[in-house]
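Undergrad: TSV, C-alpha atoms and all ligand atoms, saved as final_31.tsv, coming up:
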chain	number	residue	atom	x	y	z
A	1	MET	CA	109.00	84.27	120.06
A	2	LEU	CA	108.17	81.97	117.23
A	3	ALA	CA	109.16	78.85	119.11
A	4	SER	CA	107.15	79.70	122.20
A	5	SER	CA	104.02	80.71	120.32
A	6	ALA	CA	103.51	77.29	118.75
A	7	PRO	CA	102.05	74.39	120.70
A	8	ARG	CA	104.39	71.41	120.43
A	9	SER	CA	102.07	68.47	120.02
A	10	SER	CA	104.33	66.30	117.87
A	11	ALA	CA	105.49	64.12	120.80
A	12	ARG	CA	101.91	63.18	121.68
A	13	MET	CA	101.15	62.62	118.02
A	14	THR	CA	104.24	60.48	117.46
A	15	ARG	CA	103.44	58.31	120.49
A	16	SER	CA	99.97	57.72	119.12
A	17	LEU	CA	101.41	56.82	115.74
A	18	LEU	CA	103.46	53.97	117.08
A	19	ALA	CA	101.22	51.30	115.71
A	20	ALA	CA	103.08	48.01	115.47
A	21	ASP	CA	103.34	48.08	111.69
A	22	ALA	CA	104.77	51.59	111.61
A	23	ARG	CA	107.33	51.07	114.34
A	24	VAL	CA	110.56	50.20	112.55
A	25	GLY	CA	112.91	49.73	115.43
A	26	PRO	CA	114.32	50.99	118.69
A	27	ARG	CA	116.50	54.04	118.94
A	28	ASP	CA	119.78	52.14	118.91
A	29	GLU	CA	119.19	51.17	115.28
A	30	ALA	CA	119.77	54.82	114.52
A	31	GLU	CA	123.19	54.83	116.18
A	32	GLY	CA	125.34	57.46	114.55
A	33	MET	CA	122.36	59.07	112.84
A	34	SER	CA	120.78	60.66	115.90
A	35	ASN	CA	120.42	64.02	114.21
A	36	VAL	CA	118.72	62.64	111.10
A	37	ILE	CA	115.07	63.60	111.46
A	38	LEU	CA	113.71	62.30	108.16
A	39	GLU	CA	115.08	59.71	105.77
A	40	ALA	CA	114.01	58.30	102.42
A	41	ARG	CA	115.25	54.74	101.98
A	42	GLY	CA	115.18	53.29	98.49
A	43	LEU	CA	111.94	54.88	97.30
A	44	ASP	CA	110.36	53.71	94.06
A	45	LYS	CA	107.23	55.36	92.69
A	46	PHE	CA	105.65	54.52	89.35
A	47	TYR	CA	102.93	56.35	87.49
A	48	GLY	CA	101.98	53.77	84.90
A	49	ARG	CA	105.29	52.99	83.22
A	50	THR	CA	106.91	56.24	84.35
A	51	ALA	CA	109.37	55.82	87.20
A	52	ALA	CA	108.96	59.11	89.08
A	53	LEU	CA	111.29	57.78	91.80
A	54	ALA	CA	113.91	55.06	91.27
A	55	ALA	CA	115.61	53.92	94.48
A	56	ALA	CA	115.72	57.48	95.80
A	57	SER	CA	117.53	57.75	99.14
A	58	LEU	CA	118.13	60.86	101.19
A	59	ALA	CA	118.84	61.68	104.84
A	60	ILE	CA	117.73	65.04	106.23
A	61	THR	CA	119.36	66.41	109.35
A	62	GLU	CA	117.37	68.14	112.06
A	63	GLY	CA	117.72	71.91	111.77
A	64	GLU	CA	119.08	71.99	108.23
A	65	SER	CA	117.62	73.76	105.23
A	66	LEU	CA	117.78	71.41	102.27
A	67	ALA	CA	117.17	72.48	98.67
A	68	ILE	CA	116.11	69.82	96.16
A	69	MET	CA	116.91	70.85	92.59
A	70	GLY	CA	116.74	69.09	89.23
A	71	ALA	CA	115.24	69.27	85.77
A	72	SER	CA	111.50	69.31	85.25
A	73	GLY	CA	110.18	65.78	85.65
A	74	SER	CA	113.20	64.53	87.63
A	75	GLY	CA	111.00	63.58	90.60
A	76	LYS	CA	111.46	66.49	93.04
A	77	THR	CA	107.81	66.97	93.93
A	78	THR	CA	107.17	63.24	94.06
A	79	LEU	CA	110.03	62.85	96.54
A	80	LEU	CA	108.77	65.77	98.63
A	81	HIS	CA	105.25	64.32	98.66
A	82	CYS	CA	106.58	60.92	99.77
A	83	LEU	CA	108.69	62.48	102.53
A	84	ALA	CA	105.67	64.44	103.74
A	85	GLY	CA	103.24	61.52	103.66
A	86	ILE	CA	101.05	63.10	100.99
A	87	ILE	CA	101.56	60.04	98.80
A	88	THR	CA	103.14	56.67	99.53
A	89	PRO	CA	105.99	55.11	97.55
A	90	ASP	CA	105.49	51.75	95.86
A	91	THR	CA	108.54	50.44	97.71
A	92	GLY	CA	110.92	51.81	100.31
A	93	GLN	CA	110.60	53.49	103.68
A	94	VAL	CA	110.25	57.07	104.90
A	95	ILE	CA	111.63	57.16	108.42
A	96	LEU	CA	110.68	60.01	110.75
A	97	ARG	CA	112.75	60.20	113.93
A	98	THR	CA	111.39	62.29	116.75
A	99	ARG	CA	112.13	62.14	120.45
A	100	GLY	CA	113.66	58.70	120.51
A	101	THR	CA	111.17	56.93	118.28
A	102	GLU	CA	111.14	55.97	114.62
A	103	THR	CA	108.04	55.89	112.47
A	104	ASP	CA	107.80	54.64	108.89
A	105	VAL	CA	105.55	57.30	107.39
A	106	ALA	CA	105.04	55.18	104.27
A	107	ALA	CA	103.57	52.35	106.37
A	108	LEU	CA	100.91	54.50	108.04
A	109	ASP	CA	97.34	54.45	106.81
A	110	GLU	CA	95.79	57.57	105.27
A	111	ARG	CA	94.16	58.68	108.53
A	112	GLU	CA	97.46	58.48	110.43
A	113	ARG	CA	99.38	60.21	107.66
A	114	SER	CA	96.76	62.93	107.61
A	115	ARG	CA	97.25	63.52	111.33
A	116	LEU	CA	101.03	63.51	110.88
A	117	ARG	CA	100.76	66.13	108.14
A	118	ARG	CA	98.53	68.26	110.32
A	119	GLU	CA	100.56	68.03	113.51
A	120	ALA	CA	104.23	67.41	112.66
A	121	PHE	CA	104.65	68.85	109.17
A	122	GLY	CA	103.99	72.22	107.60
A	123	PHE	CA	103.54	73.07	103.93
A	124	VAL	CA	104.29	76.16	101.87
A	125	PHE	CA	103.45	75.86	98.20
A	126	GLN	CA	103.62	78.34	95.33
A	127	GLN	CA	99.93	78.95	95.73
A	128	GLY	CA	96.71	77.27	96.66
A	129	LEU	CA	96.78	76.55	100.39
A	130	LEU	CA	95.29	79.83	101.55
A	131	ILE	CA	91.53	80.37	101.53
A	132	PRO	CA	90.79	83.62	99.66
A	133	GLU	CA	87.47	84.23	101.44
A	134	LEU	CA	89.16	84.29	104.84
A	135	THR	CA	91.34	86.98	106.39
A	136	ALA	CA	95.06	86.54	107.04
A	137	LEU	CA	94.31	85.91	110.72
A	138	GLU	CA	91.57	83.39	109.96
A	139	ASN	CA	93.77	81.53	107.46
A	140	VAL	CA	96.39	80.95	110.14
A	141	ALA	CA	93.98	80.35	113.03
A	142	ILE	CA	91.98	77.76	111.12
A	143	ALA	CA	94.94	75.37	111.18
A	144	LEU	CA	94.71	75.34	114.98
A	145	MET	CA	90.91	75.27	115.07
A	146	LEU	CA	90.92	72.17	112.87
A	147	GLY	CA	92.94	70.54	115.64
A	148	GLY	CA	90.31	71.49	118.23
A	149	MET	CA	91.67	74.74	119.65
A	150	PRO	CA	88.97	77.29	120.57
A	151	ARG	CA	88.74	80.26	118.24
A	152	ALA	CA	89.95	82.95	120.67
A	153	ALA	CA	93.09	81.00	121.60
A	154	ALA	CA	93.74	80.07	117.97
A	155	GLU	CA	93.48	83.68	116.87
A	156	GLY	CA	95.85	84.70	119.65
A	157	HIS	CA	98.50	82.27	118.45
A	158	ALA	CA	97.85	83.24	114.83
A	159	ALA	CA	98.29	86.95	115.61
A	160	GLY	CA	101.63	86.17	117.26
A	161	TRP	CA	102.85	84.36	114.18
A	162	LEU	CA	101.69	87.08	111.81
A	163	ALA	CA	103.44	89.70	113.91
A	164	ALA	CA	106.64	87.65	113.97
A	165	LEU	CA	106.52	87.52	110.18
A	166	GLY	CA	106.12	91.28	109.86
A	167	LEU	CA	102.37	91.24	109.22
A	168	ALA	CA	101.06	93.05	112.30
A	169	GLY	CA	98.26	95.32	111.11
A	170	PHE	CA	97.37	93.04	108.19
A	171	GLU	CA	95.36	90.51	110.23
A	172	ASP	CA	91.98	91.54	108.83
A	173	ARG	CA	92.99	91.69	105.16
A	174	ARG	CA	91.66	88.99	102.88
A	175	ILE	CA	94.32	87.15	100.88
A	176	GLY	CA	93.44	89.01	97.68
A	177	GLN	CA	94.17	92.28	99.49
A	178	LEU	CA	97.76	91.24	100.20
A	179	SER	CA	100.82	91.34	97.94
A	180	GLY	CA	102.27	88.04	96.74
A	181	GLY	CA	105.07	88.24	99.28
A	182	GLN	CA	102.69	89.07	102.13
A	183	ALA	CA	100.44	86.17	101.15
A	184	GLN	CA	103.43	83.82	101.21
A	185	ARG	CA	104.32	85.04	104.69
A	186	VAL	CA	100.76	84.21	105.76
A	187	ALA	CA	101.32	80.76	104.25
A	188	ILE	CA	104.57	80.44	106.21
A	189	ALA	CA	102.73	81.30	109.43
A	190	ARG	CA	99.94	78.86	108.61
A	191	ALA	CA	102.47	76.10	107.90
A	192	GLN	CA	104.04	76.37	111.31
A	193	VAL	CA	101.41	77.56	113.76
A	194	THR	CA	100.56	74.00	114.78
A	195	GLY	CA	104.15	73.31	115.82
A	196	ALA	CA	105.57	71.65	112.73
A	197	SER	CA	108.96	69.97	113.14
A	198	VAL	CA	109.60	69.85	109.40
A	199	VAL	CA	108.40	72.43	106.87
A	200	PHE	CA	108.11	71.43	103.21
A	201	ALA	CA	108.13	74.16	100.58
A	202	ASP	CA	107.51	73.48	96.88
A	203	GLU	CA	108.58	76.45	94.75
A	204	PRO	CA	107.69	78.85	97.60
A	205	THR	CA	108.88	81.87	95.64
A	206	GLY	CA	107.91	80.69	92.17
A	207	ALA	CA	105.40	83.48	91.60
A	208	LEU	CA	107.48	86.30	93.09
A	209	ASP	CA	109.98	88.83	91.75
A	210	SER	CA	113.57	88.43	92.93
A	211	HIS	CA	113.42	91.10	95.66
A	212	THR	CA	110.20	89.71	97.14
A	213	SER	CA	111.55	86.19	96.72
A	214	SER	CA	114.55	87.11	98.84
A	215	GLU	CA	112.32	88.61	101.53
A	216	VAL	CA	110.13	85.51	101.62
A	217	MET	CA	113.22	83.30	101.91
A	218	ASP	CA	114.40	85.48	104.80
A	219	ALA	CA	111.06	84.90	106.54
A	220	LEU	CA	111.02	81.20	105.73
A	221	LEU	CA	114.57	80.55	106.96
A	222	HIS	CA	114.27	82.73	110.05
A	223	SER	CA	111.03	81.09	111.15
A	224	THR	CA	112.18	77.51	110.48
A	225	THR	CA	115.90	76.72	110.79
A	226	GLY	CA	116.36	79.96	112.74
A	227	GLN	CA	114.17	78.34	115.44
A	228	GLY	CA	115.71	74.86	115.19
A	229	ARG	CA	113.12	73.47	112.78
A	230	THR	CA	113.92	71.68	109.53
A	231	LEU	CA	113.19	73.02	106.05
A	232	VAL	CA	112.96	71.08	102.78
A	233	VAL	CA	112.60	73.23	99.66
A	234	VAL	CA	111.96	72.13	96.09
A	235	THR	CA	113.10	74.86	93.75
A	236	HIS	CA	114.29	75.66	90.24
A	237	ASP	CA	115.74	78.95	91.50
A	238	ALA	CA	119.50	78.83	92.09
A	239	ASP	CA	119.30	81.94	94.29
A	240	VAL	CA	116.73	80.28	96.54
A	241	ALA	CA	118.80	77.09	96.72
A	242	ALA	CA	121.94	79.05	97.54
A	243	ARG	CA	120.24	80.39	100.65
A	244	CYS	CA	119.86	76.84	102.00
A	245	SER	CA	122.50	75.01	104.01
A	246	ARG	CA	122.62	72.06	101.55
A	247	ILE	CA	121.61	71.40	97.94
A	248	VAL	CA	120.87	68.00	96.42
A	249	HIS	CA	120.21	67.37	92.74
A	250	MET	CA	117.76	64.85	91.32
A	251	ARG	CA	117.97	63.11	88.00
A	252	ASP	CA	115.66	60.41	86.65
A	253	GLY	CA	114.01	59.81	90.00
A	254	ARG	CA	117.10	59.55	92.15
A	255	ILE	CA	119.42	61.75	94.11
A	256	GLN	CA	122.62	62.37	92.17
A	257	PRO	CA	125.41	60.05	93.39
A	258	SER	CA	127.53	62.72	95.04
A	259	GLU	CA	124.63	63.53	97.32
A	260	VAL	CA	123.45	60.03	98.23
A	261	ALA	CA	123.14	59.70	101.99
A	262	ALA	CA	125.93	57.74	103.63
B	301	LIG	N1	100.01	62.18	89.49
B	301	LIG	C1	100.78	61.83	88.46
B	301	LIG	N2	100.30	61.07	87.47
B	301	LIG	C2	101.09	60.67	86.44
B	301	LIG	N3	102.39	60.99	86.32
B	301	LIG	C3	102.92	61.76	87.28
B	301	LIG	C4	102.16	62.23	88.39
B	301	LIG	N4	102.97	62.95	89.19
B	301	LIG	C5	104.18	62.97	88.61
B	301	LIG	N5	104.16	62.25	87.46
B	301	LIG	C6	105.30	62.02	86.56
B	301	LIG	O1	106.41	61.64	87.37
B	301	LIG	C7	107.60	62.28	86.92
B	301	LIG	C8	108.17	63.12	88.05
B	301	LIG	O2	107.27	64.19	88.31
B	301	LIG	P1	107.54	65.28	89.43
B	301	LIG	O3	106.40	66.21	89.46
B	301	LIG	O4	107.91	64.62	90.68
B	301	LIG	O5	108.83	66.01	88.86
B	301	LIG	P2	109.47	67.44	89.24
B	301	LIG	O6	110.93	67.24	89.20
B	301	LIG	O7	108.87	67.94	90.48
B	301	LIG	O8	109.00	68.31	88.01
B	301	LIG	P3	108.72	69.90	87.90
B	301	LIG	O9	110.03	70.57	88.21
B	301	LIG	O10	108.28	70.09	86.49
B	301	LIG	O11	107.65	70.23	88.90
B	301	LIG	C9	107.22	63.08	85.69
B	301	LIG	O12	107.48	62.27	84.55
B	301	LIG	C10	105.74	63.30	85.86
B	301	LIG	O13	105.11	63.46	84.62
Could the structure of this file be written out as structure tokens, please?
TA:
Amino acid sequence: MLASSAPRSSARMTRSLLAADARVGPRDEAEGMSNVILEARGLDKFYGRTAALAAASLAITEGESLAIMGASGSGKTTLLHCLAGIITPDTGQVILRTRGTETDVAALDERERSRLRREAFGFVFQQGLLIPELTALENVAIALMLGGMPRAAAEGHAAGWLAALGLAGFEDRRIGQLSGGQAQRVAIARAQVTGASVVFADEPTGALDSHTSSEVMDALLHSTTGQGRTLVVVTHDADVAARCSRIVHMRDGRIQPSEVAA
């Protein structure tokens, strides 16, 4: 249900992203790593003299749910933002592998990264991505309308996603009229309605009590890895991390040695 309700435009998008400077190599370079969908290779990121990332490397397998944990300031959000093309590292590559092609996300210009974020990636944050003045249905549909889909079709897809996330009957509620858990399920629908291959979540349950947090993780996992998509979660919550198929720990801007990608 979820898989069929989302238009899969990432192949078209990826083809159009294959500008010469972003193309890092043919498929056979990825021999033995064919199921790695996203990879950070030696990322450095400085803010002034602060090294937020220091040679951070990580390989993410298609269909896995990966939790990134670590102390405050260890670089979790910076790594997530680099992987998702929100910011670019000072050095290193972020390799996205889809349908036989490789793209270095870090080498794309802002316009191309923006399109990548819109069409291939989805985002669920603790708060802030939903528009309070709009209804639940409009918040989800707008993601499709921004990509050019007519309103009626967009609302049809959006209604399907809300129903799949247990929100049938809540379509016309504004965000402020929903509970925290319901609002996060709207955010989960919005993150994926455009056909995201990889969903990034930064403290997706940070504002929720433990029962609601568990329900939101159920919805997040079911709608992502449960449908073959990939989920990357930054969290301080050990219970949230334990729900994921793999946990990596960051310290001082790098993935802890035991977790460094082979
Ligand atoms: N935009 C920025 N400007 C300046 N310094 C930044 C910026 N973003 C991050 N930093 C610094 O980079 C380091 C890593 O920050 P980051 O937010 O990635 O850590 P984090 O592990 O996600 O922390 P938290 O768990 O507290 O969210 C910190 O020292 C932080 O202060």
Undergrad: Could you please extract the residues within 6 Å of ligand LIG 301 (chain B), counting all atoms listed in the file, and hand them back as a ChimeraX atom specification?
TA: /A:47,52,71-78
Undergrad: Kindly provide the residues of segment 39-142 of chain A that approach segment 230-253 of chain A to within 6 Å, each paired with its closest atom pair and their distance in Å to one decimal, based on only C-alpha atoms, listed by chain and increasing number, as a Markdown table.
TA:
| residue | atom | partner | partner_atom | distance |
| --- | --- | --- | --- | --- |
| A:Ala52 | CA | A:Gly253 | CA | 5.2 |
| A:Leu53 | CA | A:Gly253 | CA | 3.8 |
| A:Ala54 | CA | A:Gly253 | CA | 4.9 |
| A:Glu62 | CA | A:Thr230 | CA | 5.6 |
| A:Gly63 | CA | A:Thr230 | CA | 4.4 |
| A:Glu64 | CA | A:Thr230 | CA | 5.3 |
| A:Ser65 | CA | A:Leu231 | CA | 4.6 |
| A:Leu66 | CA | A:Val232 | CA | 4.9 |
| A:Ala67 | CA | A:Ile247 | CA | 4.6 |
| A:Ile68 | CA | A:Val234 | CA | 4.8 |
| A:Met69 | CA | A:His249 | CA | 4.8 |
| A:Gly70 | CA | A:Met250 | CA | 4.8 |
| A:Ser74 | CA | A:Asp252 | CA | 4.9 |
| A:Gly75 | CA | A:Gly253 | CA | 4.9 |
Undergrad: Show me, as a PyMOL selection string, the residues that have an atom within 8 Å of Arg229 of chain A when counting only C-alpha atoms, minus same-chain residues fewer than 3 positions from it.
TA: chain A and resi 62-64+196-199+224-226
Undergrad: Of the candidates A:Ala163, A:Leu130, A:Ile86, A:Ala219, which one gets nearest to Ile175 of chain A if we count only C-alpha atoms?
TA: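 The shortest atom-to-atom distance to Ile175 of chain A comes from A:Leu130.
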Undergrad: I'd like to know which of A:Ala187, A:Val124, A:Met145, A:Ala136 is closest to Phe170 of chain A, using only C-alpha atoms.
TA: A:Ala136
Undergrad: So that I can see what lies close to Ile142 of chain A, please list as an MDAnalysis selection string the residues with an atom at most 10 Å from it, counting only C-alpha atoms and leaving out residues fewer than 3 positions away in the same chain.
TA: chainID A and resid 131 134 137:139 145:151 154:155 158 190 193
